[in-house]
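A.B. asks: Have a look at the structure that comes next, please.
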Amino acid sequence: MPSLHPQSVLSRCTFTLSLGLALAAGALAGEPAPSLAGRVVDRSGDPVPAAVVRLRCAGQAAASELVADRLGRFRAELPAGCAPELAVALAGERGDVPFVAVDPASDLELAVDVDLFRDRIDVQATAVSDSVGSREVRESFALDAGEAAARVPGVSRLRKGGIAADLVVRGLHGNDVTVLVDGHRLHGACPNRMDPPAFHVDFAEIERIDVAKSPADAPGGGALASTVHIVTRRPEPGLHVDAQATAGAFGYLAPSASVSWADARWSARAGWAMRRGDAYEDGDGQLFTAALPAGTPAAYRDAAQQGRAFDIGTSWLGLALTPTAGQRFELDATRQRAESQLYPYLRMDASRDDADRARLGWSLERAAGRLRRVEAAVSRTAVRHDMDDRLRLSSGISPFGWSMRSEADSETVDERLVVELAGGWSAGVEGWQRDWSVDTAMAMMGQLRIQPMLPDTELDGTAAWVRLARPLADRVTLRGAARFERVETGARAAQG
Ligand SMILES: [Cu+2]
């Protein structure tokens with residue numbers, strides 16, 4: 001095969017070149033070889049990507065050019081009877097580079113006498129991270145924030161349907177895992193946790209998700225198992241427009257668009273995102289809506305098996321003011337609207353899930369002095385959630401279209417004051433009030449019977465905490481925390 005082609009490798013040769021491109025080793029090859037391959041490196045031994053290697057046969061003027069790959073590697077086939085000679089130059093560099101003869105029978109290493117990287121940065125990272133960044137969230141194929149957080153080791157999910165997976169941390173879940181959004185608690189409304197807290201935040205809002213596996217690591221929250229902290233994005237200086245769309249199997253579609261603007265004094269952001277998908281098939285090719293045996297009361301009606309599994313729209317607005325250096329006022333609002341969502345794990349499906357979140361905060365940061373940071377903020381989350389069994393066999397021939405239905409309302413107000421001091425100390429005071437109400441209606445023999453499942457329940461909590469996180473040595477940090485919490489609950493007496 002007489003042509004020069006960067007394919008097929010039969011042998012590797014070594015050959016060292018110093019000084020712009022001089023040869024250090026390798027004598028004229030006496031025997032022709034069918035191919036040659038090698039690597040171009042710099043003075044430190046780092047590969048030189050895209051280096052231009054010129055190849056010619058001894059005694060011939062015509063030369064071919066090869067381009068090294070990103071690892072500095074190159075390969076070529078040799079014409080029969082060719083005694084190869086090489087010259088190497090950096091990409092884009094022109095000059096009279098001498099050819100040197102090489103022995104194609106051994107591994108070739110062409111050392112270019114330059115330092116490709118003027119500064120070397122050694123990156124060290126712990127192998128296990130308890131945090132998921134926005135890029136990982138988007139690239140993870142997760143359908144919501146809870147599923148994305150399951151990338152953290154020790155975190156798994158309880159899947160009840162196509163979306164809205166519940167987080168499980170070291171075997172504990174539900175109220176043992178506190179989910180905070182920008183430091184604030186929020187609660188869903190469904191008593192069956194069809195809308196766990198992380199479900200109410202869209203990907204496009206998220207900067208990162210931190211999972212604190214011990215109370216000493218948590219910025220607040222006071223959960224037995226874990227605190228999952230979802231941190232939303234802040235506008236970066238200038239105008240930024242971001243539009244993305246993801247599509248997948250089973251009708252999955254998730255477009256989003258956001259715009260933000262910031263200068264030294266003001267910043268603003270706005271965004272919109274949608275997520276929609278149909279019932280998916282399991283590995284056996286069976287729709288998840290057909291997983292329950294025919295005739296089971298919770299099985300889906302035939303007409304509902306191909307239905308939409310989730311359909312959620314989220315929009316948000318944010319405004320921030322920096323009146324003096326280090327001081328910041330923030331006002332954020334998010335509105336989420338969800339229609340039909342299927343939960344084959346449960347006996348009902350959601351027909352509505354509307355959530356509104358708002359947050360007002362003030363913070364002061366200082367680079368020096370005893371007091372480093374103060375933050376005071378209040379948030380409110382209101383969720384309206386309806387579910388019924390109209391898609392299941394259990395709905396029978398009820399004149400209402402369903403045999404059981406629940407209407408749930410939840411409102412959570414959360415206040416926090418956090419003070420951070422020099423030396424790794426921080427302390428905070430938190431308060432939260434949750435009103436939660438669920439009424440279940442049962443249709444029996446054409447009659448409706450209303451059962452107050454959660455009759456205007458109230459939960460009133462206050463907490464104070466102090467925390468220390470002080471590095472003692474490289475990779476050794478002393479951590480400790482104490483938290484005092486008081487929670488009162490109450491409910492309206494249910495009417496028989
Ligand atoms: Cu529900």
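Following the order of the structure tokens, chains are lettered A, B, ..., residues in each are numbered from 1, and ligands are numbered from 1.
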Could you report the residues within 6 Å of ligand 1, using only C-alpha atoms and all ligand atoms, as an NGL selection string?
C.D. replies: :A and (190 or 192 or 194 or 350 or 387)
A.B. asks: Could the residues in this selection be written to a file with N, CA, C and O atoms, as a PDB file, in the first residue's frame?
C.D. replies:
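Okay, again_17.pdb is ready:
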ATOM      1  N   CYS A 190     -49.411  16.751  48.897  1.00  0.00           N
ATOM      2  CA  CYS A 190     -49.999  15.406  48.821  1.00  0.00           C
ATOM      3  C   CYS A 190     -49.648  14.567  50.045  1.00  0.00           C
ATOM      4  O   CYS A 190     -48.478  14.441  50.394  1.00  0.00           O
ATOM      5  N   ASN A 192     -49.649  11.475  50.150  1.00  0.00           N
ATOM      6  CA  ASN A 192     -48.909  10.310  49.655  1.00  0.00           C
ATOM      7  C   ASN A 192     -47.577  10.710  49.017  1.00  0.00           C
ATOM      8  O   ASN A 192     -46.979   9.907  48.298  1.00  0.00           O
ATOM      9  N   MET A 194     -46.890  12.590  46.474  1.00  0.00           N
ATOM     10  CA  MET A 194     -46.797  12.660  45.009  1.00  0.00           C
ATOM     11  C   MET A 194     -45.966  13.869  44.600  1.00  0.00           C
ATOM     12  O   MET A 194     -45.425  13.900  43.500  1.00  0.00           O
ATOM     13  N   ALA A 350     -52.461  12.198  40.137  1.00  0.00           N
ATOM     14  CA  ALA A 350     -52.699  13.625  40.370  1.00  0.00           C
ATOM     15  C   ALA A 350     -53.389  14.232  39.157  1.00  0.00           C
ATOM     16  O   ALA A 350     -53.058  13.907  38.016  1.00  0.00           O
ATOM     17  N   MET A 387     -56.007  14.790  43.613  1.00  0.00           N
ATOM     18  CA  MET A 387     -55.763  13.462  43.044  1.00  0.00           C
ATOM     19  C   MET A 387     -57.037  12.633  43.127  1.00  0.00           C
ATOM     20  O   MET A 387     -57.882  12.860  43.990  1.00  0.00           O
TER      21      MET A 387
END
A.B. asks: Write out as number ranges by chain which residues come within 12 Å of range 444-452 of chain A when counting only C-alpha atoms, dropping same-chain ones fewer than 6 positions away.
C.D. replies: A: 394-408, 436-438, 491-496
A.B. asks: Keeping N, CA, C and O atoms for every residue in the selection just given, could you write it to a file as an mmCIF file, in the first residue's frame?
C.D. replies:
data_model
loop_
_atom_site.group_PDB
_atom_site.id
_atom_site.type_symbol
_atom_site.label_atom_id
_atom_site.label_comp_id
_atom_site.auth_asym_id
_atom_site.auth_seq_id
_atom_site.Cartn_x
_atom_site.Cartn_y
_atom_site.Cartn_z
ATOM 1 N N SER A 394 -60.885 0.971 39.869
ATOM 2 C CA SER A 394 -61.622 1.191 41.115
ATOM 3 C C SER A 394 -62.676 2.293 40.989
ATOM 4 O O SER A 394 -63.606 2.365 41.790
ATOM 5 N N SER A 395 -62.532 3.155 39.967
ATOM 6 C CA SER A 395 -63.521 4.232 39.822
ATOM 7 C C SER A 395 -64.873 3.683 39.373
ATOM 8 O O SER A 395 -65.914 4.337 39.535
ATOM 9 N N GLY A 396 -64.898 2.450 38.825
ATOM 10 C CA GLY A 396 -66.151 1.761 38.488
ATOM 11 C C GLY A 396 -67.058 2.590 37.595
ATOM 12 O O GLY A 396 -66.606 3.201 36.621
ATOM 13 N N ILE A 397 -68.304 2.624 37.973
ATOM 14 C CA ILE A 397 -69.272 3.380 37.175
ATOM 15 C C ILE A 397 -69.811 4.558 37.976
ATOM 16 O O ILE A 397 -70.964 4.958 37.848
ATOM 17 N N SER A 398 -68.947 5.083 38.857
ATOM 18 C CA SER A 398 -69.364 6.204 39.694
ATOM 19 C C SER A 398 -69.842 7.380 38.836
ATOM 20 O O SER A 398 -69.188 7.720 37.831
ATOM 21 N N PRO A 399 -70.961 8.029 39.204
ATOM 22 C CA PRO A 399 -71.441 9.187 38.429
ATOM 23 C C PRO A 399 -70.475 10.374 38.489
ATOM 24 O O PRO A 399 -70.547 11.288 37.676
ATOM 25 N N PHE A 400 -69.573 10.357 39.458
ATOM 26 C CA PHE A 400 -68.604 11.470 39.572
ATOM 27 C C PHE A 400 -67.374 11.240 38.689
ATOM 28 O O PHE A 400 -66.536 12.113 38.556
ATOM 29 N N GLY A 401 -67.263 10.036 38.145
ATOM 30 C CA GLY A 401 -66.083 9.725 37.338
ATOM 31 C C GLY A 401 -64.971 9.117 38.169
ATOM 32 O O GLY A 401 -64.018 8.566 37.623
ATOM 33 N N TRP A 402 -65.066 9.219 39.484
ATOM 34 C CA TRP A 402 -64.047 8.643 40.372
ATOM 35 C C TRP A 402 -64.748 8.083 41.612
ATOM 36 O O TRP A 402 -65.873 8.486 41.932
ATOM 37 N N SER A 403 -64.112 7.165 42.309
ATOM 38 C CA SER A 403 -64.711 6.657 43.541
ATOM 39 C C SER A 403 -64.023 7.253 44.766
ATOM 40 O O SER A 403 -64.553 7.217 45.859
ATOM 41 N N MET A 404 -62.823 7.764 44.589
ATOM 42 C CA MET A 404 -62.168 8.487 45.688
ATOM 43 C C MET A 404 -61.349 9.638 45.120
ATOM 44 O O MET A 404 -60.778 9.544 44.037
ATOM 45 N N ARG A 405 -61.346 10.694 45.898
ATOM 46 C CA ARG A 405 -60.655 11.893 45.446
ATOM 47 C C ARG A 405 -60.148 12.648 46.678
ATOM 48 O O ARG A 405 -60.847 12.705 47.695
ATOM 49 N N SER A 406 -58.957 13.204 46.588
ATOM 50 C CA SER A 406 -58.435 14.014 47.689
ATOM 51 C C SER A 406 -58.050 15.385 47.166
ATOM 52 O O SER A 406 -57.470 15.510 46.083
ATOM 53 N N GLU A 407 -58.396 16.376 47.961
ATOM 54 C CA GLU A 407 -57.983 17.752 47.654
ATOM 55 C C GLU A 407 -57.092 18.210 48.794
ATOM 56 O O GLU A 407 -57.493 18.148 49.961
ATOM 57 N N ALA A 408 -55.910 18.636 48.444
ATOM 58 C CA ALA A 408 -54.933 18.991 49.479
ATOM 59 C C ALA A 408 -54.420 20.410 49.275
ATOM 60 O O ALA A 408 -54.210 20.842 48.145
ATOM 61 N N TRP A 436 -51.702 22.631 56.753
ATOM 62 C CA TRP A 436 -51.866 21.524 55.808
ATOM 63 C C TRP A 436 -53.264 20.960 55.980
ATOM 64 O O TRP A 436 -53.663 20.618 57.097
ATOM 65 N N SER A 437 -53.957 20.852 54.877
ATOM 66 C CA SER A 437 -55.346 20.428 54.945
ATOM 67 C C SER A 437 -55.636 19.472 53.798
ATOM 68 O O SER A 437 -55.304 19.764 52.646
ATOM 69 N N VAL A 438 -56.195 18.311 54.116
ATOM 70 C CA VAL A 438 -56.549 17.344 53.065
ATOM 71 C C VAL A 438 -57.947 16.800 53.343
ATOM 72 O O VAL A 438 -58.221 16.315 54.449
ATOM 73 N N ALA A 491 -54.636 20.499 65.270
ATOM 74 C CA ALA A 491 -55.571 20.252 64.169
ATOM 75 C C ALA A 491 -56.980 20.592 64.631
ATOM 76 O O ALA A 491 -57.291 20.519 65.818
ATOM 77 N N ARG A 492 -57.800 20.980 63.688
ATOM 78 C CA ARG A 492 -59.215 21.188 63.982
ATOM 79 C C ARG A 492 -59.847 19.833 64.257
ATOM 80 O O ARG A 492 -59.489 18.836 63.613
ATOM 81 N N ALA A 493 -60.756 19.788 65.192
ATOM 82 C CA ALA A 493 -61.431 18.522 65.479
ATOM 83 C C ALA A 493 -62.234 18.102 64.252
ATOM 84 O O ALA A 493 -62.975 18.902 63.675
ATOM 85 N N ALA A 494 -62.031 16.853 63.842
ATOM 86 C CA ALA A 494 -62.754 16.372 62.662
ATOM 87 C C ALA A 494 -64.232 16.229 62.965
ATOM 88 O O ALA A 494 -64.612 15.803 64.049
ATOM 89 N N GLN A 495 -65.061 16.621 62.021
ATOM 90 C CA GLN A 495 -66.515 16.477 62.189
ATOM 91 C C GLN A 495 -66.899 15.071 61.727
ATOM 92 O O GLN A 495 -66.521 14.668 60.648
ATOM 93 N N GLY A 496 -67.598 14.383 62.580
ATOM 94 C CA GLY A 496 -67.991 13.023 62.192
ATOM 95 C C GLY A 496 -68.956 13.127 61.097
ATOM 96 O O GLY A 496 -69.462 12.350 60.459
#
A.B. asks: I'd like to know which of A:Ala142, A:Leu346, A:Ala254, A:Val152 is closest to Thr314 in chain A, using only C-alpha atoms.
C.D. replies: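 Among the listed residues, the smallest separation from Thr314 in chain A belongs to A:Ala254.
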A.B. asks: Just checking: using only C-alpha atoms, which residue out of A:Gly251, A:Val48, A:Thr477, A:Gly59 ends up closest to Leu71 in chain A?
C.D. replies: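 Selected residue with least distance to Leu71 in chain A: A:Val48.
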A.B. asks: Please provide as a CSV table (one decimal) with N, CA, C and O atoms, in the first residue's frame all residues within 9 Å of Arg373 in chain A, with the sequence filter that same-chain residues fewer than 6 positions apart are discarded (counting only C-alpha atoms).
C.D. replies:
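The resulting file, result_4.csv, is shown below:
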chain,number,residue,atom,x,y,z
A,363,SER,N,-28.9,40.3,52.8
A,363,SER,CA,-27.7,39.8,53.3
A,363,SER,C,-26.6,40.8,53.3
A,363,SER,O,-26.6,41.8,52.5
A,364,LEU,N,-25.6,40.7,54.2
A,364,LEU,CA,-24.5,41.6,54.3
A,364,LEU,C,-23.3,40.7,54.4
A,364,LEU,O,-23.2,39.8,55.3
A,365,GLU,N,-22.3,40.9,53.6
A,365,GLU,CA,-21.1,40.2,53.6
A,365,GLU,C,-19.9,41.1,53.8
A,365,GLU,O,-19.8,42.1,53.2
A,366,ARG,N,-18.9,40.6,54.6
A,366,ARG,CA,-17.7,41.4,54.9
A,366,ARG,C,-16.5,40.5,54.7
A,366,ARG,O,-16.5,39.4,55.1
A,367,ALA,N,-15.4,41.1,54.1
A,367,ALA,CA,-14.2,40.3,53.8
A,367,ALA,C,-13.4,40.2,55.1
A,367,ALA,O,-12.5,39.3,55.2
A,418,VAL,N,-29.3,34.1,59.9
A,418,VAL,CA,-28.0,33.4,60.0
A,418,VAL,C,-26.9,34.4,60.2
A,418,VAL,O,-26.8,35.5,59.5
A,419,VAL,N,-26.0,34.1,61.1
A,419,VAL,CA,-24.8,35.0,61.4
A,419,VAL,C,-23.6,34.1,61.3
A,419,VAL,O,-23.5,33.1,61.8
A,420,GLU,N,-22.6,34.6,60.4
A,420,GLU,CA,-21.4,33.8,60.3
A,420,GLU,C,-20.3,34.7,60.8
A,420,GLU,O,-20.2,35.9,60.5
A,421,LEU,N,-19.4,34.1,61.7
A,421,LEU,CA,-18.3,34.9,62.3
A,421,LEU,C,-17.0,34.4,61.8
A,421,LEU,O,-16.9,33.3,61.2
A.B. asks: Let me make sure I understand: among A:Gly277, A:Gly307, A:Gly423, A:Pro191, which one has the smallest atom-to-atom distance to Gly248 in chain A if we use only C-alpha atoms?
C.D. replies: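 Closest residue, counting only C-alpha atoms: A:Gly277.
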A.B. asks: Could you pull the residues within 8 Å of His200 in chain A, counting only C-alpha atoms, minus those fewer than 4 positions along the same chain, as a PyMOL selection string?
C.D. replies: chain A and resi 188+195-196+336+355
A.B. asks: Mind checking which residues fall within 12 Å of Ala303 in chain A, counting only C-alpha atoms, ignoring those fewer than 6 positions away in the same chain, and posting them as a ChimeraX atom specification?
C.D. replies: /A:289-290,390-393
A.B. asks: Next, write the just-selected residues to a file, as a PDB file, in the first residue's frame, keeping N, CA and C atoms as the atom set.
C.D. replies:
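The resulting file, result33.pdb, is shown below:
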ATOM      1  N   THR A 289     -48.055   1.605  33.038  1.00  0.00           N
ATOM      2  CA  THR A 289     -49.482   1.656  33.376  1.00  0.00           C
ATOM      3  C   THR A 289     -50.142   0.276  33.217  1.00  0.00           C
ATOM      4  N   ALA A 290     -49.394  -0.693  32.666  1.00  0.00           N
ATOM      5  CA  ALA A 290     -49.957  -2.041  32.489  1.00  0.00           C
ATOM      6  C   ALA A 290     -49.286  -3.033  33.434  1.00  0.00           C
ATOM      7  N   ARG A 390     -59.800   8.308  38.780  1.00  0.00           N
ATOM      8  CA  ARG A 390     -60.640   8.224  37.567  1.00  0.00           C
ATOM      9  C   ARG A 390     -60.021   7.355  36.474  1.00  0.00           C
ATOM     10  N   LEU A 391     -58.707   7.176  36.461  1.00  0.00           N
ATOM     11  CA  LEU A 391     -58.046   6.374  35.422  1.00  0.00           C
ATOM     12  C   LEU A 391     -57.944   4.905  35.812  1.00  0.00           C
ATOM     13  N   ARG A 392     -58.394   4.569  37.034  1.00  0.00           N
ATOM     14  CA  ARG A 392     -58.234   3.192  37.523  1.00  0.00           C
ATOM     15  C   ARG A 392     -59.569   2.443  37.496  1.00  0.00           C
ATOM     16  N   LEU A 393     -59.459   1.117  37.520  1.00  0.00           N
ATOM     17  CA  LEU A 393     -60.670   0.289  37.519  1.00  0.00           C
ATOM     18  C   LEU A 393     -61.528   0.559  38.761  1.00  0.00           C
TER      19      LEU A 393
END
A.B. asks: Kindly indicate which residue among A:Ala482, A:Leu224, A:Phe199, A:Arg475 lies nearest to Val383 in chain A, using only C-alpha atoms for the distances.
C.D. replies: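 Comparing A:Ala482, A:Leu224, A:Phe199, A:Arg475 against Val383 in chain A, the winner is A:Phe199.
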A.B. asks: If I take CA of Asp202 in chain A and CA of Arg170 in chain A, how far is one from the other in Å, to one decimal?
C.D. replies: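 Computing the Euclidean distance for CA of Asp202 in chain A and CA of Arg170 in chain A yields 24.7 Å.
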A.B. asks: Can you work out which one of A:Arg234, A:Arg372, A:Arg352, A:His385 has the shortest atom-to-atom distance to Glu330 in chain A, counting only C-alpha atoms?
C.D. replies: A:Arg234
A.B. asks: Considering only C-alpha atoms, return as JSON, numbers by chain whatever protein or nucleic-acid residues lie within 7 Å of range 256-262 of chain A, sequence-local ones (same chain, fewer than 6 positions apart) excluded.
C.D. replies: {"A": [204, 235, 236, 237, 238, 239, 240, 241, 242, 243, 244, 245, 268, 269, 270, 271, 272, 273, 274]}
A.B. asks: Keeping only N, CA, C and O atoms, write the selected residues as a JSON list (two decimals), in the first residue's frame.
C.D. replies:
[["chain", "number", "residue", "atom", "x", "y", "z"],
["A", 204, "ALA", "N", -33.76, 24.25, 35.47],
["A", 204, "ALA", "CA", -33.18, 25.46, 34.90],
["A", 204, "ALA", "C", -32.97, 26.54, 35.96],
["A", 204, "ALA", "O", -32.24, 27.49, 35.74],
["A", 235, "PRO", "N", -27.87, 35.81, 38.93],
["A", 235, "PRO", "CA", -27.42, 36.39, 37.66],
["A", 235, "PRO", "C", -25.94, 36.76, 37.69],
["A", 235, "PRO", "O", -25.44, 37.25, 38.70],
["A", 236, "GLU", "N", -25.26, 36.51, 36.59],
["A", 236, "GLU", "CA", -23.86, 36.92, 36.46],
["A", 236, "GLU", "C", -23.82, 38.28, 35.76],
["A", 236, "GLU", "O", -24.78, 38.65, 35.08],
["A", 237, "PRO", "N", -22.74, 39.04, 35.93],
["A", 237, "PRO", "CA", -22.67, 40.38, 35.34],
["A", 237, "PRO", "C", -22.94, 40.35, 33.83],
["A", 237, "PRO", "O", -22.47, 39.46, 33.12],
["A", 238, "GLY", "N", -23.69, 41.33, 33.37],
["A", 238, "GLY", "CA", -24.00, 41.41, 31.95],
["A", 238, "GLY", "C", -25.33, 40.76, 31.62],
["A", 238, "GLY", "O", -26.08, 40.35, 32.50],
["A", 239, "LEU", "N", -25.59, 40.70, 30.32],
["A", 239, "LEU", "CA", -26.85, 40.11, 29.84],
["A", 239, "LEU", "C", -26.59, 38.67, 29.39],
["A", 239, "LEU", "O", -25.66, 38.41, 28.64],
["A", 240, "HIS", "N", -27.39, 37.75, 29.86],
["A", 240, "HIS", "CA", -27.23, 36.35, 29.49],
["A", 240, "HIS", "C", -28.57, 35.77, 29.08],
["A", 240, "HIS", "O", -29.56, 35.94, 29.77],
["A", 241, "VAL", "N", -28.58, 35.10, 27.95],
["A", 241, "VAL", "CA", -29.79, 34.44, 27.48],
["A", 241, "VAL", "C", -29.45, 32.97, 27.29],
["A", 241, "VAL", "O", -28.40, 32.63, 26.73],
["A", 242, "ASP", "N", -30.29, 32.11, 27.80],
["A", 242, "ASP", "CA", -30.01, 30.68, 27.76],
["A", 242, "ASP", "C", -31.25, 29.94, 27.28],
["A", 242, "ASP", "O", -32.33, 30.13, 27.84],
["A", 243, "ALA", "N", -31.14, 29.18, 26.24],
["A", 243, "ALA", "CA", -32.28, 28.39, 25.77],
["A", 243, "ALA", "C", -31.81, 26.96, 25.55],
["A", 243, "ALA", "O", -30.76, 26.73, 24.96],
["A", 244, "GLN", "N", -32.55, 26.02, 26.09],
["A", 244, "GLN", "CA", -32.16, 24.62, 25.96],
["A", 244, "GLN", "C", -33.40, 23.78, 25.70],
["A", 244, "GLN", "O", -34.50, 24.17, 26.08],
["A", 245, "ALA", "N", -33.20, 22.65, 25.10],
["A", 245, "ALA", "CA", -34.32, 21.73, 24.92],
["A", 245, "ALA", "C", -33.78, 20.31, 24.98],
["A", 245, "ALA", "O", -32.71, 20.02, 24.46],
["A", 268, "ALA", "N", -31.50, 41.15, 37.59],
["A", 268, "ALA", "CA", -32.85, 40.63, 37.36],
["A", 268, "ALA", "C", -32.74, 39.33, 36.59],
["A", 268, "ALA", "O", -31.78, 39.11, 35.84],
["A", 269, "ARG", "N", -33.70, 38.45, 36.79],
["A", 269, "ARG", "CA", -33.71, 37.19, 36.04],
["A", 269, "ARG", "C", -35.14, 36.75, 35.81],
["A", 269, "ARG", "O", -36.04, 37.10, 36.59],
["A", 270, "ALA", "N", -35.34, 36.02, 34.75],
["A", 270, "ALA", "CA", -36.66, 35.48, 34.46],
["A", 270, "ALA", "C", -36.46, 34.19, 33.67],
["A", 270, "ALA", "O", -35.46, 34.03, 32.97],
["A", 271, "GLY", "N", -37.39, 33.29, 33.79],
["A", 271, "GLY", "CA", -37.23, 32.04, 33.06],
["A", 271, "GLY", "C", -38.53, 31.28, 32.95],
["A", 271, "GLY", "O", -39.52, 31.57, 33.63],
["A", 272, "TRP", "N", -38.50, 30.33, 32.05],
["A", 272, "TRP", "CA", -39.66, 29.47, 31.82],
["A", 272, "TRP", "C", -39.14, 28.08, 31.46],
["A", 272, "TRP", "O", -38.13, 27.94, 30.77],
["A", 273, "ALA", "N", -39.80, 27.06, 31.94],
["A", 273, "ALA", "CA", -39.38, 25.69, 31.63],
["A", 273, "ALA", "C", -40.60, 24.79, 31.59],
["A", 273, "ALA", "O", -41.59, 25.04, 32.29],
["A", 274, "MET", "N", -40.52, 23.76, 30.76],
["A", 274, "MET", "CA", -41.63, 22.81, 30.67],
["A", 274, "MET", "C", -41.05, 21.40, 30.64],
["A", 274, "MET", "O", -39.97, 21.18, 30.10]]
A.B. asks: I need the residue nearest Ala80 in chain A from this list: A:Arg193, A:Val181, A:Ser35, A:Asp388. Use only C-alpha atoms for the distance.
C.D. replies: A:Ser35
A.B. asks: Report the residues of range 332-425 of chain A whose backbone DSSP state falls under helix (DSSP H, G or I), written as a list in words.
C.D. replies: Leu393, Ser394, Ser395, Ala422, Gly423 and Gly424 of chain A
A.B. asks: Given the selection you just returned, output its residues as a file containing N, CA, C and O atoms, formatted as a PDB file, in the first residue's frame.
C.D. replies:
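Final file, part.pdb:
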ATOM      1  N   LEU A 393     -59.459   1.117  37.520  1.00  0.00           N
ATOM      2  CA  LEU A 393     -60.670   0.289  37.519  1.00  0.00           C
ATOM      3  C   LEU A 393     -61.528   0.559  38.761  1.00  0.00           C
ATOM      4  O   LEU A 393     -62.745   0.400  38.725  1.00  0.00           O
ATOM      5  N   SER A 394     -60.885   0.971  39.869  1.00  0.00           N
ATOM      6  CA  SER A 394     -61.622   1.191  41.115  1.00  0.00           C
ATOM      7  C   SER A 394     -62.676   2.293  40.989  1.00  0.00           C
ATOM      8  O   SER A 394     -63.606   2.365  41.790  1.00  0.00           O
ATOM      9  N   SER A 395     -62.532   3.155  39.967  1.00  0.00           N
ATOM     10  CA  SER A 395     -63.521   4.232  39.822  1.00  0.00           C
ATOM     11  C   SER A 395     -64.873   3.683  39.373  1.00  0.00           C
ATOM     12  O   SER A 395     -65.914   4.337  39.535  1.00  0.00           O
ATOM     13  N   ALA A 422     -15.915  35.116  62.053  1.00  0.00           N
ATOM     14  CA  ALA A 422     -14.578  34.651  61.684  1.00  0.00           C
ATOM     15  C   ALA A 422     -14.251  33.417  62.517  1.00  0.00           C
ATOM     16  O   ALA A 422     -14.798  33.223  63.603  1.00  0.00           O
ATOM     17  N   GLY A 423     -13.388  32.571  62.022  1.00  0.00           N
ATOM     18  CA  GLY A 423     -12.972  31.392  62.777  1.00  0.00           C
ATOM     19  C   GLY A 423     -13.860  30.188  62.567  1.00  0.00           C
ATOM     20  O   GLY A 423     -13.737  29.192  63.285  1.00  0.00           O
ATOM     21  N   GLY A 424     -14.764  30.264  61.602  1.00  0.00           N
ATOM     22  CA  GLY A 424     -15.579  29.095  61.278  1.00  0.00           C
ATOM     23  C   GLY A 424     -16.863  28.945  62.072  1.00  0.00           C
ATOM     24  O   GLY A 424     -17.567  27.952  61.943  1.00  0.00           O
TER      25      GLY A 424
END
A.B. asks: Please give the complete set of residues from range 220-332 of chain A that DSSP, run on the backbone, assigns to strand (DSSP E or B), formatted as a PyMOL selection string.
C.D. replies: chain A and resi 226-232+238-248+252-262+266-278+281+287+300+308-321+327-332
